[in-house]
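Novice: I am sharing my_file-v3.cif, which consists of mmCIF, C-alpha atoms:
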```
data_my_file
#
loop_
_atom_site.label_atom_id
_atom_site.label_comp_id
_atom_site.auth_asym_id
_atom_site.auth_seq_id
_atom_site.Cartn_x
_atom_site.Cartn_y
_atom_site.Cartn_z
CA MET G 1 -106.56 -130.61 147.06
CA LEU G 2 -107.15 -133.95 145.37
CA VAL G 3 -104.21 -135.96 144.06
CA ARG G 4 -105.09 -139.40 142.73
CA GLY G 5 -108.32 -139.33 144.68
CA SER G 6 -106.68 -138.60 148.04
CA VAL G 7 -107.92 -135.64 150.00
CA ASP G 8 -105.25 -133.56 151.73
CA LYS G 9 -106.32 -132.98 155.33
CA TYR G 10 -104.30 -129.76 155.55
CA ASP G 11 -105.59 -126.41 154.42
CA ARG G 12 -102.31 -124.61 153.77
CA GLU G 13 -102.42 -120.83 153.68
CA THR G 14 -99.90 -118.06 153.32
CA SER G 15 -99.24 -115.57 156.10
CA GLN G 16 -97.13 -112.45 156.55
CA HIS G 17 -93.39 -113.17 156.77
CA ILE G 18 -90.19 -111.21 156.50
CA VAL G 19 -87.82 -112.94 154.11
CA ALA G 20 -84.15 -112.34 153.39
CA TYR G 21 -82.94 -113.64 150.04
CA LEU G 22 -79.17 -114.04 150.06
CA ASP G 23 -76.72 -114.92 147.33
CA ILE G 24 -73.14 -115.89 148.16
CA LEU G 25 -70.90 -114.28 145.58
CA GLY G 26 -68.53 -116.55 143.72
CA ILE G 27 -69.45 -119.85 145.37
CA ALA G 28 -70.76 -121.37 142.13
CA ALA G 29 -67.41 -120.62 140.44
CA ARG G 30 -65.53 -122.13 143.39
CA MET G 31 -67.55 -125.31 143.11
CA LYS G 32 -66.34 -125.73 139.52
CA HIS G 33 -62.70 -126.00 140.68
CA GLY G 34 -62.79 -129.76 141.02
CA TYR G 35 -64.02 -132.09 143.68
CA GLU G 36 -61.88 -130.69 146.52
CA GLY G 37 -62.99 -127.10 145.82
CA GLN G 38 -66.61 -128.20 145.69
CA LYS G 39 -66.28 -130.18 148.92
CA LEU G 40 -64.61 -127.26 150.74
CA ALA G 41 -67.24 -124.74 149.57
CA MET G 42 -70.11 -127.08 150.44
CA ASN G 43 -68.71 -127.75 153.93
CA LYS G 44 -68.07 -124.04 154.59
CA LEU G 45 -71.66 -123.27 153.56
CA HIS G 46 -73.05 -125.98 155.82
CA ASN G 47 -70.89 -124.75 158.72
CA LEU G 48 -72.16 -121.19 158.19
CA TYR G 49 -75.68 -122.56 158.45
CA THR G 50 -74.84 -124.64 161.55
CA HIS G 51 -73.22 -121.73 163.40
CA SER G 52 -76.08 -119.41 162.46
CA MET G 53 -78.57 -121.97 163.77
CA ASP G 54 -76.60 -122.34 167.01
CA LYS G 55 -76.73 -118.58 167.55
CA ARG G 56 -80.41 -118.50 166.61
CA THR G 57 -81.51 -121.19 169.05
CA ALA G 58 -79.56 -119.62 171.92
CA MET G 59 -81.66 -116.43 171.93
CA ASP G 60 -85.25 -115.76 172.92
CA GLY G 61 -87.51 -114.83 170.01
CA TYR G 62 -85.21 -116.29 167.39
CA SER G 63 -86.14 -119.95 167.54
CA ASP G 64 -88.79 -119.77 164.80
CA ILE G 65 -86.44 -118.29 162.19
CA GLN G 66 -86.09 -120.73 159.31
CA PHE G 67 -83.23 -121.21 156.85
CA LYS G 68 -83.50 -122.79 153.41
CA ILE G 69 -80.39 -123.28 151.29
CA PHE G 70 -80.41 -124.17 147.63
CA SER G 71 -77.05 -124.06 145.88
CA ASP G 72 -75.50 -120.64 146.60
CA ASN G 73 -78.85 -119.07 147.53
CA ILE G 74 -80.22 -118.85 151.03
CA ILE G 75 -83.51 -117.63 152.38
CA ILE G 76 -83.94 -116.71 156.02
CA VAL G 77 -87.59 -116.43 157.05
CA LYS G 78 -89.52 -115.27 160.11
CA LYS G 79 -93.28 -115.21 160.47
CA LEU G 80 -94.51 -111.75 161.49
CA SER G 81 -96.79 -111.19 164.43
CA GLU G 82 -99.97 -109.21 163.95
CA GLN G 83 -99.22 -107.25 167.15
CA PRO G 84 -97.27 -104.06 166.24
CA GLU G 85 -94.81 -104.27 169.17
CA LYS G 86 -94.04 -107.94 168.55
CA ARG G 87 -93.85 -107.33 164.80
CA LEU G 88 -90.99 -104.86 165.30
CA LEU G 89 -89.16 -107.45 167.40
CA ASP G 90 -89.72 -110.05 164.66
CA ILE G 91 -88.19 -107.72 162.07
CA ARG G 92 -85.26 -106.91 164.37
CA ALA G 93 -84.67 -110.63 165.00
CA LEU G 94 -84.48 -111.41 161.29
CA LEU G 95 -82.19 -108.44 160.61
CA PHE G 96 -79.88 -109.60 163.41
CA CYS G 97 -79.85 -113.13 162.03
CA VAL G 98 -79.01 -111.92 158.51
CA SER G 99 -76.32 -109.62 159.84
CA ASN G 100 -74.80 -112.44 161.87
CA PHE G 101 -74.81 -114.73 158.81
CA GLN G 102 -73.12 -112.04 156.69
CA CYS G 103 -70.46 -111.41 159.35
CA LEU G 104 -69.72 -115.13 159.67
CA ALA G 105 -69.49 -115.47 155.89
CA VAL G 106 -66.99 -112.64 155.53
CA THR G 107 -64.80 -113.49 158.52
CA ASP G 108 -63.40 -116.55 160.25
CA SER G 109 -61.39 -117.73 157.22
CA VAL G 110 -64.51 -118.12 155.04
CA GLY G 111 -64.07 -114.90 153.05
CA TRP G 112 -67.38 -114.87 151.16
CA LEU G 113 -69.33 -111.75 150.32
CA VAL G 114 -73.11 -111.96 150.53
CA ARG G 115 -75.67 -109.84 148.71
CA GLY G 116 -79.42 -109.95 148.65
CA GLY G 117 -82.67 -108.34 149.59
CA ILE G 118 -85.25 -108.34 152.35
CA SER G 119 -88.97 -108.31 151.69
CA ILE G 120 -92.20 -108.56 153.66
CA GLY G 121 -95.07 -110.44 152.11
CA GLU G 122 -97.37 -113.42 152.04
CA LEU G 123 -95.57 -116.77 152.23
CA PHE G 124 -96.12 -120.41 153.04
CA ILE G 125 -93.10 -122.35 154.27
CA ASP G 126 -92.65 -125.78 155.79
CA GLU G 127 -89.95 -128.45 155.72
CA THR G 128 -90.89 -129.40 152.15
CA MET G 129 -91.86 -126.26 150.27
CA VAL G 130 -91.70 -122.50 150.06
CA CYS G 131 -94.53 -120.79 148.22
CA ASP G 132 -94.96 -117.04 147.85
CA ASN G 133 -96.56 -114.26 145.85
CA LEU G 134 -93.83 -113.37 143.30
CA CYS G 135 -91.10 -112.69 145.93
CA PHE G 136 -88.56 -114.96 144.24
CA LEU G 137 -89.43 -113.65 140.81
CA ASN G 138 -89.09 -110.08 142.09
CA TYR G 139 -85.72 -110.82 143.67
CA LEU G 140 -84.36 -112.39 140.48
CA TYR G 141 -85.63 -109.47 138.46
CA ILE G 142 -84.07 -106.96 140.88
CA GLN G 143 -80.69 -108.72 140.68
CA HIS G 144 -80.62 -108.92 136.90
CA PHE G 145 -82.33 -105.69 135.84
CA GLY G 146 -80.97 -103.04 138.17
CA GLY G 147 -83.57 -102.35 140.84
CA GLN G 148 -86.77 -102.74 138.86
CA PHE G 149 -89.66 -104.36 140.70
CA LEU G 150 -92.28 -106.63 139.17
CA LYS G 151 -95.83 -106.08 140.30
CA ASN G 152 -98.32 -108.40 138.66
CA GLY G 153 -95.71 -109.07 135.97
CA ILE G 154 -95.21 -105.37 135.13
CA ALA G 155 -91.92 -103.59 135.86
CA SER G 156 -91.97 -100.43 137.94
CA SER G 157 -89.18 -98.72 139.86
CA GLY G 158 -88.64 -97.64 143.43
CA GLN G 159 -90.81 -100.19 145.20
CA ALA G 160 -88.22 -102.72 146.32
CA ARG G 161 -85.38 -102.29 148.75
CA ARG G 162 -82.10 -104.01 148.14
CA ILE G 163 -79.29 -104.74 150.58
CA THR G 164 -75.85 -105.21 149.08
#
```
Output the file's structure as structure tokens, nothing else.

Specialist:
Amino acid sequence: MLVRGSVDKYDRETSQHIVAYLDILGIAARMKHGYEGQKLAMNKLHNLYTHSMDKRTAMDGYSDIQFKIFSDNIIIVKKLSEQPEKRLLDIRALLFCVSNFQCLAVTDSVGWLVRGGISIGELFIDETMVCDNLCFLNYLYIQHFGGQFLKNGIASSGQARRIT
């Protein structure tokens, strides 16, 4: 917790979250089609985010869903309650949010397909950083090696669910 002698007053910890990892298909290629193509793709992506956030903030139980966008990858995150009834509502809220994002991406003159996965696990997220226990590594491995799941760095099959 010390950096150059300064003590961090925060004691950051991970907690249970449900996380959707989304990849917009073909957006990286579109961004290589010159400045205008890049500008159009970037603005469409930001508008998808804006409209998803508008929908999210208009509904009860959805206000604590967080979006993080980096290039053509998006994570949508919701902290899970420890209460079983509320936990199911948390999962439903994230699934609705992901579904809404996918529908917006495919329709309304955007025309982008979205693939990805949804996972539940330990995560820390704030406005600056996202830190997890191998979730990103697992997702990348799933995408590139056909459904294999890394657990403690060792591949095994059948443990991860993928939404395409």

Novice: Taking all atoms listed in the file into account, name the residue in G:Phe124, G:Trp112, G:Phe96, G:Phe101 that is nearest to Leu48 in chain G.

Specialist: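 Of G:Phe124, G:Trp112, G:Phe96, G:Phe101, the one nearest Leu48 in chain G is G:Phe101, counting all atoms listed in the file.
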
Novice: Please provide the set of residues having any atom within 10 Å of Leu40 in chain G, restricted to all atoms listed in the file, with same-chain residues fewer than 6 positions apart removed, written as a PyMOL selection string.

Specialist: chain G and resi 30-31+46

Novice: Using the chain letters and residue numbers of this document, give as a list in words the residues selected by the PyMOL selection byres ((chain G and resi 42) around 12).

Specialist: Ile24, Ile27, Ala28, Arg30, Met31, Lys32, Tyr35, Glu36, Gly37, Gln38, Lys39, Leu40, Ala41, Asn43, Lys44, Leu45, His46, Asn47, Leu48, Tyr49, Ile69, Phe70, Ser71, Asp72 and Val110 of chain G

Novice: Which distance in Å separates CA of Asn100 in chain G and CA of His17 in chain G, to one decimal?

Specialist: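 Taking CA of Asn100 in chain G as the start and CA of His17 in chain G as the end point, the length is 19.3 Å.
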
Novice: Could you give me, as an NGL selection string, the residues within 9 Å of Met53 in chain G, counting all atoms listed in the file and dropping anything in the same chain fewer than 5 positions from it?

Specialist: :G and (48 or 58 or 63 or 65-67)

Novice: Keeping C-alpha atoms, export the residues of the selection given above as a PDB file, in the coordinates of the input.

Specialist:
```
ATOM      1  CA  LEU G  48     -72.160-121.190 158.190  1.00  0.00           C
ATOM      2  CA  ALA G  58     -79.560-119.620 171.920  1.00  0.00           C
ATOM      3  CA  SER G  63     -86.140-119.950 167.540  1.00  0.00           C
ATOM      4  CA  ILE G  65     -86.440-118.290 162.190  1.00  0.00           C
ATOM      5  CA  GLN G  66     -86.090-120.730 159.310  1.00  0.00           C
ATOM      6  CA  PHE G  67     -83.230-121.210 156.850  1.00  0.00           C
TER       7      PHE G  67
END
```

Novice: For Ile75 in chain G, which residue among G:Gly116, G:Gly5, G:Gly34, G:Gly111 is the nearest when counting all atoms listed in the file?

Specialist: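 Nearest candidate to Ile75 in chain G out of G:Gly116, G:Gly5, G:Gly34, G:Gly111: G:Gly116.
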
Novice: Considering all atoms listed in the file, state which residue in the set G:Thr128, G:Gln83, G:Ser119, G:Thr50 is at the smallest distance from Leu104 in chain G.

Specialist: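 Residue with the minimum atom-to-atom distance to Leu104 in chain G: G:Thr50.
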
Novice: Could you jot down the CA of Gln102 in chain G to CA of Asp23 in chain G separation for me, Å, one decimal place?

Specialist: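 Calculated distance between CA of Gln102 in chain G and CA of Asp23 in chain G is 10.4 Å.
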